[in-house]
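Below is one structure, written out as structure tokens; the observations come after it.
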Amino acid sequence: MIHTNIAITFGAVYFISSVFATWIDPSLLDACPGYNIANPASQGSTFTADLVLAGTACNVFGSDLKSLSLAVVYETENRIHVKIMDANGSRYEVPESVLPRPNATFGGSISSAAIQFNYTTSPFSFTIYRTSTSEVLFTTASHPLIFEPQYLRVKTVLPPNANIYGLGEHSDSFRLPTLWECGLPRW
């Protein structure tokens, strides 16, 4: 819940925000059912599937969406774009004119890519790993996906000193912080 107070002083308007958060026990989130894969299909450098809620919804911060769409695109030999979206409705996305996406230039076969996408069907989880060494770069294994209208949980475990670039609406080349306290990055 976000409260915004407005104070008017000498003709100036100041916004003072206070944020109140609700703490949820992580074991409650880990007990959510997640999703199962249905209708997997591969075509060229793209993998698509439907994701269907795997059990009784948790409804932690809203109603769990029952149907999602998964699209995995090998954009270059070294870059995979994973997109999970509401199958039945559109959601706001930052416009391409505001945050341009890098060009997809991959023309080879998926098996020749330097990194690979692997998934578990039930409950759905995925892993991105390095082809040459099988080193896991990102995994959601053992952590159910939660997708609600105003809440999304994609949980992973980071190794010490992880190099993270470009998660979410962040596509520049700067390394992101990995030291977190109370849900906020420690700069």
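Ordering of the structure tokens sets the chain letters (A, B, ...), residue numbers begin anew at 1 in every chain, and ligands are numbered from 1 in the order given.
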
What parts of segment 6-149 of chain A does DSSP call alpha helix (DSSP H)? I'd like the answer as a PyMOL selection string. chain A and resi 26-30

Nearby residues (only C-alpha atoms) at most 9 Å from Asp86 of chain A, same-chain spacing under 3 positions excluded, as a PyMOL selection string: chain A and resi 65-69+89-91+147+149

Between A:Leu145, A:Leu29, A:Val73, A:Val98, single out the one closest to Phe61 of chain A, counting only C-alpha atoms.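 Residue with the minimum atom-to-atom distance to Phe61 of chain A: A:Leu29.
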
For atom CA of Val52 of chain A and atom CA of Glu93 of chain A, determine how far apart the two atoms are, in Å to one decimal place.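 Distance reported for this atom pair: 22.1 Å.
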
Excluding Cys32 of chain A and any residue of its chain fewer than 4 positions from it, enumerate the residues within 10 Å of it, using only C-alpha atoms, and give them as a VMD selection string. chain A and resid 27 to 28 53 to 60 64 143 to 146

Residues just named, written with C-alpha atoms as a PDB file, in the first residue's frame:
```pdb
ATOM      1  CA  SER A  27       7.859 -20.569   2.510  1.00  0.00           C
ATOM      2  CA  LEU A  28       4.281 -19.527   1.634  1.00  0.00           C
ATOM      3  CA  LEU A  53      -1.695 -22.865 -13.425  1.00  0.00           C
ATOM      4  CA  ALA A  54      -0.668 -26.192 -11.839  1.00  0.00           C
ATOM      5  CA  GLY A  55      -3.027 -26.259  -8.857  1.00  0.00           C
ATOM      6  CA  THR A  56      -4.979 -24.141  -6.436  1.00  0.00           C
ATOM      7  CA  ALA A  57      -4.021 -20.494  -6.830  1.00  0.00           C
ATOM      8  CA  CYS A  58      -2.070 -18.837  -4.008  1.00  0.00           C
ATOM      9  CA  ASN A  59      -3.516 -15.379  -4.671  1.00  0.00           C
ATOM     10  CA  VAL A  60      -0.834 -13.807  -2.479  1.00  0.00           C
ATOM     11  CA  ASP A  64      -3.030 -15.765  -9.974  1.00  0.00           C
ATOM     12  CA  HIS A 143      11.106 -21.995  -7.180  1.00  0.00           C
ATOM     13  CA  PRO A 144       7.556 -21.749  -8.577  1.00  0.00           C
ATOM     14  CA  LEU A 145       6.659 -18.938 -10.933  1.00  0.00           C
ATOM     15  CA  ILE A 146       3.961 -16.629  -9.512  1.00  0.00           C
TER      16      ILE A 146
END
```

Any idea what's packed within 6 Å of Ser125 of chain A, counting only C-alpha atoms, ignoring anything in its chain fewer than 5 positions away? Could you give it as a VMD selection string? chain A and resid 119 to 120 140 to 141

Could you write out the selected residues, including C-alpha atoms, as a PDB file, in the first residue's frame?
```pdb
ATOM      1  CA  TYR A 119      12.984 -26.444 -19.054  1.00  0.00           C
ATOM      2  CA  THR A 120      11.084 -28.740 -16.723  1.00  0.00           C
ATOM      3  CA  THR A 140      14.371 -21.050 -11.544  1.00  0.00           C
ATOM      4  CA  ALA A 141      14.559 -24.714 -10.437  1.00  0.00           C
TER       5      ALA A 141
END
```

So how far away is atom CA of Val136 of chain A from atom CA of Val157 of chain A, in Å?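 Between atom CA of Val157 of chain A and atom CA of Val136 of chain A the gap works out to 10.5 Å.
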
Using only C-alpha atoms, which protein or nucleic acid residues come within 12 Å of Glu75 of chain A? Drop anything in the same chain fewer than 6 positions from it, and give the result as a PDB file with N, CA, C and O atoms, in the first residue's frame.
```pdb
ATOM      1  N   GLY A  44      12.550 -22.864 -35.855  1.00  0.00           N
ATOM      2  CA  GLY A  44      13.763 -22.093 -36.048  1.00  0.00           C
ATOM      3  C   GLY A  44      14.433 -21.787 -34.722  1.00  0.00           C
ATOM      4  O   GLY A  44      14.712 -22.677 -33.933  1.00  0.00           O
ATOM      5  N   SER A  45      14.650 -20.513 -34.448  1.00  0.00           N
ATOM      6  CA  SER A  45      15.326 -20.112 -33.217  1.00  0.00           C
ATOM      7  C   SER A  45      14.340 -19.699 -32.122  1.00  0.00           C
ATOM      8  O   SER A  45      14.705 -19.029 -31.167  1.00  0.00           O
ATOM      9  N   THR A  46      13.071 -20.122 -32.251  1.00  0.00           N
ATOM     10  CA  THR A  46      12.028 -19.747 -31.295  1.00  0.00           C
ATOM     11  C   THR A  46      11.362 -20.977 -30.700  1.00  0.00           C
ATOM     12  O   THR A  46      11.054 -21.940 -31.399  1.00  0.00           O
ATOM     13  N   PHE A  47      11.147 -20.937 -29.382  1.00  0.00           N
ATOM     14  CA  PHE A  47      10.400 -21.964 -28.666  1.00  0.00           C
ATOM     15  C   PHE A  47       9.212 -21.269 -28.022  1.00  0.00           C
ATOM     16  O   PHE A  47       9.363 -20.219 -27.393  1.00  0.00           O
ATOM     17  N   HIS A  81      16.291 -14.428 -25.290  1.00  0.00           N
ATOM     18  CA  HIS A  81      15.227 -13.571 -24.748  1.00  0.00           C
ATOM     19  C   HIS A  81      14.090 -14.477 -24.290  1.00  0.00           C
ATOM     20  O   HIS A  81      13.486 -15.179 -25.095  1.00  0.00           O
ATOM     21  N   VAL A  82      13.810 -14.477 -22.985  1.00  0.00           N
ATOM     22  CA  VAL A  82      12.716 -15.257 -22.409  1.00  0.00           C
ATOM     23  C   VAL A  82      11.607 -14.281 -22.048  1.00  0.00           C
ATOM     24  O   VAL A  82      11.833 -13.329 -21.313  1.00  0.00           O
ATOM     25  N   ARG A 101      15.109  -2.491 -28.198  1.00  0.00           N
ATOM     26  CA  ARG A 101      15.645  -3.836 -27.988  1.00  0.00           C
ATOM     27  C   ARG A 101      16.798  -4.053 -28.957  1.00  0.00           C
ATOM     28  O   ARG A 101      16.753  -3.584 -30.093  1.00  0.00           O
ATOM     29  N   PRO A 102      17.822  -4.774 -28.525  1.00  0.00           N
ATOM     30  CA  PRO A 102      18.904  -5.112 -29.455  1.00  0.00           C
ATOM     31  C   PRO A 102      18.365  -5.967 -30.607  1.00  0.00           C
ATOM     32  O   PRO A 102      17.388  -6.694 -30.440  1.00  0.00           O
ATOM     33  N   ASN A 103      18.995  -5.882 -31.748  1.00  0.00           N
ATOM     34  CA  ASN A 103      18.575  -6.662 -32.910  1.00  0.00           C
ATOM     35  C   ASN A 103      18.843  -8.142 -32.708  1.00  0.00           C
ATOM     36  O   ASN A 103      19.866  -8.530 -32.147  1.00  0.00           O
ATOM     37  N   ALA A 104      17.917  -8.960 -33.180  1.00  0.00           N
ATOM     38  CA  ALA A 104      18.096 -10.409 -33.175  1.00  0.00           C
ATOM     39  C   ALA A 104      18.780 -10.783 -34.481  1.00  0.00           C
ATOM     40  O   ALA A 104      18.255 -10.532 -35.559  1.00  0.00           O
ATOM     41  N   THR A 105      19.969 -11.372 -34.381  1.00  0.00           N
ATOM     42  CA  THR A 105      20.743 -11.681 -35.584  1.00  0.00           C
ATOM     43  C   THR A 105      21.102 -13.151 -35.688  1.00  0.00           C
ATOM     44  O   THR A 105      21.874 -13.534 -36.560  1.00  0.00           O
ATOM     45  N   PHE A 106      20.553 -13.997 -34.817  1.00  0.00           N
ATOM     46  CA  PHE A 106      20.941 -15.407 -34.813  1.00  0.00           C
ATOM     47  C   PHE A 106      20.371 -16.120 -36.030  1.00  0.00           C
ATOM     48  O   PHE A 106      19.171 -16.097 -36.277  1.00  0.00           O
ATOM     49  N   GLY A 107      21.234 -16.782 -36.776  1.00  0.00           N
ATOM     50  CA  GLY A 107      20.791 -17.497 -37.964  1.00  0.00           C
ATOM     51  C   GLY A 107      21.137 -18.973 -37.939  1.00  0.00           C
ATOM     52  O   GLY A 107      20.761 -19.710 -38.833  1.00  0.00           O
ATOM     53  N   GLY A 108      21.839 -19.419 -36.912  1.00  0.00           N
ATOM     54  CA  GLY A 108      22.257 -20.816 -36.833  1.00  0.00           C
ATOM     55  C   GLY A 108      21.211 -21.697 -36.181  1.00  0.00           C
ATOM     56  O   GLY A 108      20.099 -21.275 -35.888  1.00  0.00           O
ATOM     57  N   SER A 109      21.602 -22.938 -35.938  1.00  0.00           N
ATOM     58  CA  SER A 109      20.695 -23.847 -35.247  1.00  0.00           C
ATOM     59  C   SER A 109      20.847 -23.635 -33.743  1.00  0.00           C
ATOM     60  O   SER A 109      21.909 -23.250 -33.257  1.00  0.00           O
ATOM     61  N   ILE A 110      19.777 -23.900 -33.022  1.00  0.00           N
ATOM     62  CA  ILE A 110      19.784 -23.704 -31.574  1.00  0.00           C
ATOM     63  C   ILE A 110      20.911 -24.501 -30.921  1.00  0.00           C
ATOM     64  O   ILE A 110      21.566 -24.020 -30.001  1.00  0.00           O
ATOM     65  N   ALA A 113      24.271 -22.693 -30.492  1.00  0.00           N
ATOM     66  CA  ALA A 113      24.367 -21.478 -29.671  1.00  0.00           C
ATOM     67  C   ALA A 113      25.295 -21.719 -28.487  1.00  0.00           C
ATOM     68  O   ALA A 113      25.423 -22.840 -27.990  1.00  0.00           O
ATOM     69  N   ALA A 114      25.924 -20.656 -28.019  1.00  0.00           N
ATOM     70  CA  ALA A 114      26.860 -20.752 -26.896  1.00  0.00           C
ATOM     71  C   ALA A 114      26.149 -20.943 -25.562  1.00  0.00           C
ATOM     72  O   ALA A 114      26.745 -21.413 -24.597  1.00  0.00           O
ATOM     73  N   ILE A 115      24.870 -20.548 -25.491  1.00  0.00           N
ATOM     74  CA  ILE A 115      24.075 -20.791 -24.292  1.00  0.00           C
ATOM     75  C   ILE A 115      22.784 -21.494 -24.691  1.00  0.00           C
ATOM     76  O   ILE A 115      22.322 -21.374 -25.828  1.00  0.00           O
ATOM     77  N   GLN A 116      22.210 -22.235 -23.763  1.00  0.00           N
ATOM     78  CA  GLN A 116      21.029 -23.040 -24.052  1.00  0.00           C
ATOM     79  C   GLN A 116      19.930 -22.783 -23.036  1.00  0.00           C
ATOM     80  O   GLN A 116      20.196 -22.480 -21.867  1.00  0.00           O
TER      81      GLN A 116
END
```

Measuring atom to atom with only C-alpha atoms, identify which of A:Ile84, A:Ile164, A:Leu137, A:Leu99 is nearest to Leu152 of chain A. A:Ile84

Counting only C-alpha atoms, what is within 6 Å of Asn36 of chain A, bar same-chain residues fewer than 4 positions away, as a count of residues only? 7
